[in-house]
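> Please find one structure pasted underneath; my questions will follow.
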Amino acid sequence: MPNIYEGEKSCWARHEKAYVPGSGVDAKSARGILALIERELRRGWTYDRSCRRIKMTPALAKKRAIYLIALARKHKGAAEARRVAELVHDWLERHRLLSATAKRKIAAYVAA
């Protein structure tokens, strides 16, 4: 299954001719992925892991944004996960998607 946002073989690269370069999530790639999630949120659809179009909801956008923290921890370590967590927190706040539950999830990913 291809990545949705990152890499030349991603769903975005295949269908949109735009993608986040590289592999693995760090602060730089997280910024790019959040920008693509923002575009999807505005237009109302995204891709699933099979590159099929699906509805983009605020809940899905929030879920994908928060998951970037776990990926950053896995790919680059705890320090980078903290930087990504800060970006995600600010992004969610800016889009009025930051709830108490989201704050707890962000804190849990950073503390893990």
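Residue numbers start at 1 in each chain; chains themselves are named A, B, ... in the order of the structure tokens; ligands are numbered from 1 in the order shown.
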Which residues are close to Asp48 of chain A, i.e. within 12 Å by only C-alpha atoms, leaving aside same-chain residues fewer than 2 positions away? Reply as a ChimeraX atom specification.
/A:1-5,10-12,45-46,50-56,60,64
> Would you save the residues of that selection, restricted to N, CA, C and O atoms, as a JSON list (two decimals), in the first residue's frame?

```
[["chain", "number", "residue", "atom", "x", "y", "z"],
["A", 1, "MET", "N", 0.84, -1.19, 0.00],
["A", 1, "MET", "CA", 0.00, 0.00, 0.00],
["A", 1, "MET", "C", 0.88, 1.25, 0.00],
["A", 1, "MET", "O", 1.82, 1.33, 0.77],
["A", 2, "PRO", "N", 0.56, 2.18, -0.83],
["A", 2, "PRO", "CA", 1.37, 3.41, -0.89],
["A", 2, "PRO", "C", 1.07, 4.35, 0.26],
["A", 2, "PRO", "O", 0.02, 4.28, 0.90],
["A", 3, "ASN", "N", 1.99, 5.22, 0.51],
["A", 3, "ASN", "CA", 1.79, 6.29, 1.47],
["A", 3, "ASN", "C", 0.79, 7.27, 0.85],
["A", 3, "ASN", "O", 0.74, 7.42, -0.36],
["A", 4, "ILE", "N", 0.04, 7.96, 1.66],
["A", 4, "ILE", "CA", -0.94, 8.90, 1.12],
["A", 4, "ILE", "C", -0.29, 10.21, 0.71],
["A", 4, "ILE", "O", -0.60, 10.75, -0.36],
["A", 5, "TYR", "N", 0.64, 10.71, 1.52],
["A", 5, "TYR", "CA", 1.18, 12.05, 1.31],
["A", 5, "TYR", "C", 2.66, 12.10, 0.90],
["A", 5, "TYR", "O", 3.07, 13.05, 0.24],
["A", 10, "SER", "N", 3.38, 8.07, -3.70],
["A", 10, "SER", "CA", 2.23, 8.30, -2.82],
["A", 10, "SER", "C", 0.96, 8.57, -3.62],
["A", 10, "SER", "O", 1.00, 8.84, -4.83],
["A", 11, "CYS", "N", -0.15, 8.50, -2.93],
["A", 11, "CYS", "CA", -1.44, 8.79, -3.59],
["A", 11, "CYS", "C", -1.45, 10.21, -4.14],
["A", 11, "CYS", "O", -1.92, 10.44, -5.26],
["A", 12, "TRP", "N", -0.96, 11.15, -3.34],
["A", 12, "TRP", "CA", -0.92, 12.53, -3.81],
["A", 12, "TRP", "C", -0.05, 12.68, -5.05],
["A", 12, "TRP", "O", -0.42, 13.40, -5.99],
["A", 45, "TRP", "N", -12.51, 15.94, 0.49],
["A", 45, "TRP", "CA", -12.17, 14.54, 0.23],
["A", 45, "TRP", "C", -10.66, 14.33, 0.31],
["A", 45, "TRP", "O", -9.89, 15.27, 0.22],
["A", 46, "THR", "N", -10.30, 13.06, 0.48],
["A", 46, "THR", "CA", -8.91, 12.66, 0.61],
["A", 46, "THR", "C", -8.76, 11.29, -0.05],
["A", 46, "THR", "O", -9.64, 10.87, -0.80],
["A", 50, "SER", "N", -5.55, 2.77, -0.18],
["A", 50, "SER", "CA", -5.56, 2.17, -1.52],
["A", 50, "SER", "C", -5.68, 3.24, -2.60],
["A", 50, "SER", "O", -5.94, 2.92, -3.76],
["A", 51, "CYS", "N", -5.51, 4.50, -2.21],
["A", 51, "CYS", "CA", -5.58, 5.65, -3.12],
["A", 51, "CYS", "C", -6.97, 5.86, -3.72],
["A", 51, "CYS", "O", -7.11, 6.43, -4.80],
["A", 52, "ARG", "N", -7.99, 5.39, -3.03],
["A", 52, "ARG", "CA", -9.37, 5.66, -3.45],
["A", 52, "ARG", "C", -9.84, 6.92, -2.74],
["A", 52, "ARG", "O", -9.47, 7.19, -1.61],
["A", 53, "ARG", "N", -10.69, 7.68, -3.42],
["A", 53, "ARG", "CA", -11.22, 8.90, -2.83],
["A", 53, "ARG", "C", -12.22, 8.56, -1.72],
["A", 53, "ARG", "O", -13.08, 7.72, -1.91],
["A", 54, "ILE", "N", -12.05, 9.23, -0.59],
["A", 54, "ILE", "CA", -12.97, 9.10, 0.52],
["A", 54, "ILE", "C", -13.25, 10.49, 1.08],
["A", 54, "ILE", "O", -12.52, 11.45, 0.79],
["A", 55, "LYS", "N", -14.29, 10.59, 1.88],
["A", 55, "LYS", "CA", -14.67, 11.88, 2.47],
["A", 55, "LYS", "C", -13.64, 12.29, 3.52],
["A", 55, "LYS", "O", -13.22, 11.48, 4.35],
["A", 56, "MET", "N", -13.24, 13.56, 3.48],
["A", 56, "MET", "CA", -12.35, 14.11, 4.52],
["A", 56, "MET", "C", -13.23, 14.87, 5.50],
["A", 56, "MET", "O", -13.90, 15.82, 5.12],
["A", 60, "LEU", "N", -11.37, 13.02, 10.79],
["A", 60, "LEU", "CA", -10.29, 12.31, 10.10],
["A", 60, "LEU", "C", -9.05, 13.19, 10.00],
["A", 60, "LEU", "O", -7.93, 12.72, 10.19],
["A", 64, "ARG", "N", -5.45, 12.11, 11.57],
["A", 64, "ARG", "CA", -4.22, 12.05, 10.77],
["A", 64, "ARG", "C", -3.16, 13.00, 11.28],
["A", 64, "ARG", "O", -1.97, 12.67, 11.29]]
```
> Per DSSP on the backbone, filter segment 8-103 of chain A down to the residues in strand (DSSP E or B) and report them as a PyMOL selection string.
chain A and resi 20+45-47+53-55
> Could you dump the residues just selected with N, CA and C atoms as a CSV table (one decimal), in the first residue's frame?

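So the final result, stored in selection_25.csv, reads:
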```csv
chain,number,residue,atom,x,y,z
A,20,VAL,N,4.8,15.3,-0.5
A,20,VAL,CA,5.8,15.7,0.4
A,20,VAL,C,7.1,14.8,0.1
A,45,TRP,N,-12.5,15.9,0.5
A,45,TRP,CA,-12.2,14.5,0.2
A,45,TRP,C,-10.7,14.3,0.3
A,46,THR,N,-10.3,13.1,0.5
A,46,THR,CA,-8.9,12.7,0.6
A,46,THR,C,-8.8,11.3,0.0
A,47,TYR,N,-7.7,10.6,0.2
A,47,TYR,CA,-7.4,9.3,-0.3
A,47,TYR,C,-7.3,8.3,0.9
A,53,ARG,N,-10.7,7.7,-3.4
A,53,ARG,CA,-11.2,8.9,-2.8
A,53,ARG,C,-12.2,8.6,-1.7
A,54,ILE,N,-12.0,9.2,-0.6
A,54,ILE,CA,-13.0,9.1,0.5
A,54,ILE,C,-13.3,10.5,1.1
A,55,LYS,N,-14.3,10.6,1.9
A,55,LYS,CA,-14.7,11.9,2.5
A,55,LYS,C,-13.6,12.3,3.5
```
> With distances taken over only C-alpha atoms, which residue among A:Ala78, A:Val84, A:His89, A:Ala111 lies nearest Ser29 of chain A?
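Ranked by minimum distance to Ser29 of chain A, first place goes to A:Val84.
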> Neighbours of segment 92-94 of chain A within 9 Å (only C-alpha atoms; same-chain residues fewer than 5 positions away dropped), as a tab-separated table (two decimals) with N, CA, C and O atoms, in the first residue's frame?

```tsv
chain	number	residue	atom	x	y	z
A	62	LYS	N	-8.14	15.51	12.10
A	62	LYS	CA	-7.56	15.54	13.44
A	62	LYS	C	-6.79	14.24	13.71
A	62	LYS	O	-5.67	14.27	14.21
A	65	ALA	N	-3.57	14.18	11.70
A	65	ALA	CA	-2.61	15.15	12.22
A	65	ALA	C	-1.94	14.62	13.49
A	65	ALA	O	-0.71	14.67	13.62
A	66	ILE	N	-2.73	14.10	14.40
A	66	ILE	CA	-2.18	13.60	15.66
A	66	ILE	C	-1.28	12.39	15.42
A	66	ILE	O	-0.25	12.23	16.08
A	87	LEU	N	3.86	21.51	16.38
A	87	LEU	CA	3.27	21.90	15.09
A	87	LEU	C	1.81	21.44	15.01
A	87	LEU	O	0.94	22.20	14.59
A	99	SER	N	-9.33	19.72	20.92
A	99	SER	CA	-10.24	19.40	22.03
A	99	SER	C	-9.41	18.92	23.22
A	99	SER	O	-8.19	18.69	23.09
A	102	ALA	N	-7.92	15.64	22.24
A	102	ALA	CA	-6.76	15.80	21.36
A	102	ALA	C	-5.53	16.22	22.17
A	102	ALA	O	-4.43	15.71	21.93
```
> Contacts of Glu8 of chain A at 9 Å or less, counting only C-alpha atoms, minus same-chain residues fewer than 6 places along, as a PyMOL selection string?
chain A and resi 14+17-22
> Keeping all heavy atoms for every residue in the selection just given, could you write it to a file as a CSV table (one decimal), in the first residue's frame?

```csv
chain,number,residue,atom,x,y,z
A,14,ARG,N,0.6,10.4,-7.3
A,14,ARG,CA,-0.1,9.7,-8.4
A,14,ARG,C,-1.2,10.6,-9.0
A,14,ARG,O,-1.4,10.7,-10.2
A,14,ARG,CB,-0.7,8.4,-8.0
A,14,ARG,CG,0.3,7.3,-7.9
A,14,ARG,CD,-0.5,6.0,-7.7
A,14,ARG,NE,0.3,5.1,-7.0
A,14,ARG,CZ,-0.3,4.0,-6.5
A,14,ARG,NH1,-1.6,3.7,-6.7
A,14,ARG,NH2,0.4,3.1,-5.9
A,17,LYS,N,0.0,15.1,-8.6
A,17,LYS,CA,1.3,15.6,-9.1
A,17,LYS,C,1.9,16.5,-8.0
A,17,LYS,O,2.7,17.3,-8.4
A,17,LYS,CB,1.2,16.2,-10.4
A,17,LYS,CG,0.5,15.4,-11.5
A,17,LYS,CD,1.2,14.2,-11.8
A,17,LYS,CE,0.5,13.4,-12.9
A,17,LYS,NZ,0.1,12.1,-12.6
A,18,ALA,N,1.6,16.3,-6.8
A,18,ALA,CA,2.2,17.0,-5.7
A,18,ALA,C,2.4,16.0,-4.5
A,18,ALA,O,1.5,15.1,-4.4
A,18,ALA,CB,1.3,18.2,-5.2
A,19,TYR,N,3.4,16.2,-3.7
A,19,TYR,CA,3.6,15.3,-2.6
A,19,TYR,C,4.7,15.9,-1.7
A,19,TYR,O,5.4,16.9,-2.0
A,19,TYR,CB,4.1,13.9,-3.1
A,19,TYR,CG,5.4,13.9,-3.9
A,19,TYR,CD1,6.6,13.7,-3.2
A,19,TYR,CD2,5.4,14.1,-5.2
A,19,TYR,CE1,7.8,13.7,-3.9
A,19,TYR,CE2,6.6,14.1,-5.9
A,19,TYR,CZ,7.8,13.9,-5.3
A,19,TYR,OH,9.0,14.0,-5.9
A,20,VAL,N,4.8,15.3,-0.5
A,20,VAL,CA,5.8,15.7,0.4
A,20,VAL,C,7.1,14.8,0.1
A,20,VAL,O,6.9,13.6,0.2
A,20,VAL,CB,5.4,15.5,1.9
A,20,VAL,CG1,6.5,15.8,2.9
A,20,VAL,CG2,4.1,16.4,2.1
A,21,PRO,N,8.2,15.4,-0.2
A,21,PRO,CA,9.4,14.6,-0.5
A,21,PRO,C,10.0,13.9,0.8
A,21,PRO,O,9.7,14.3,1.9
A,21,PRO,CB,10.4,15.6,-1.0
A,21,PRO,CG,9.9,16.9,-0.5
A,21,PRO,CD,8.5,16.8,-0.3
A,22,GLY,N,10.7,12.8,0.5
A,22,GLY,CA,11.4,12.1,1.6
A,22,GLY,C,10.6,10.9,2.1
A,22,GLY,O,9.7,10.5,1.5
```
> For each of A:Ile69, A:Ala100, A:Gly24, A:Thr57, take the minimum atom-to-atom distance to Arg39 of chain A, counting only C-alpha atoms, then give the residue where this is smallest.
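Checking each candidate against Arg39 of chain A, we get A:Thr57 as the closest.
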> From the DSSP assignment of the backbone, select every residue of chain A that is helix (DSSP H, G or I), and format the answer as an MDAnalysis selection string.
chainID A and resid 11:16 27:43 58:76 78:94 100:111
> My list of candidates is A:Ile33, A:Ala85, A:Tyr109, A:Arg104. Which is closest to Gly7 of chain A when distances are computed with only C-alpha atoms?
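Of A:Ile33, A:Ala85, A:Tyr109, A:Arg104, the one nearest Gly7 of chain A is A:Ile33, counting only C-alpha atoms.
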> Please report the interatomic distance between atom CA of Glu16 of chain A and atom CA of Ala59 of chain A in Å with one decimal.
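Atom CA of Ala59 of chain A lies at a distance of 22.9 Å from atom CA of Glu16 of chain A.
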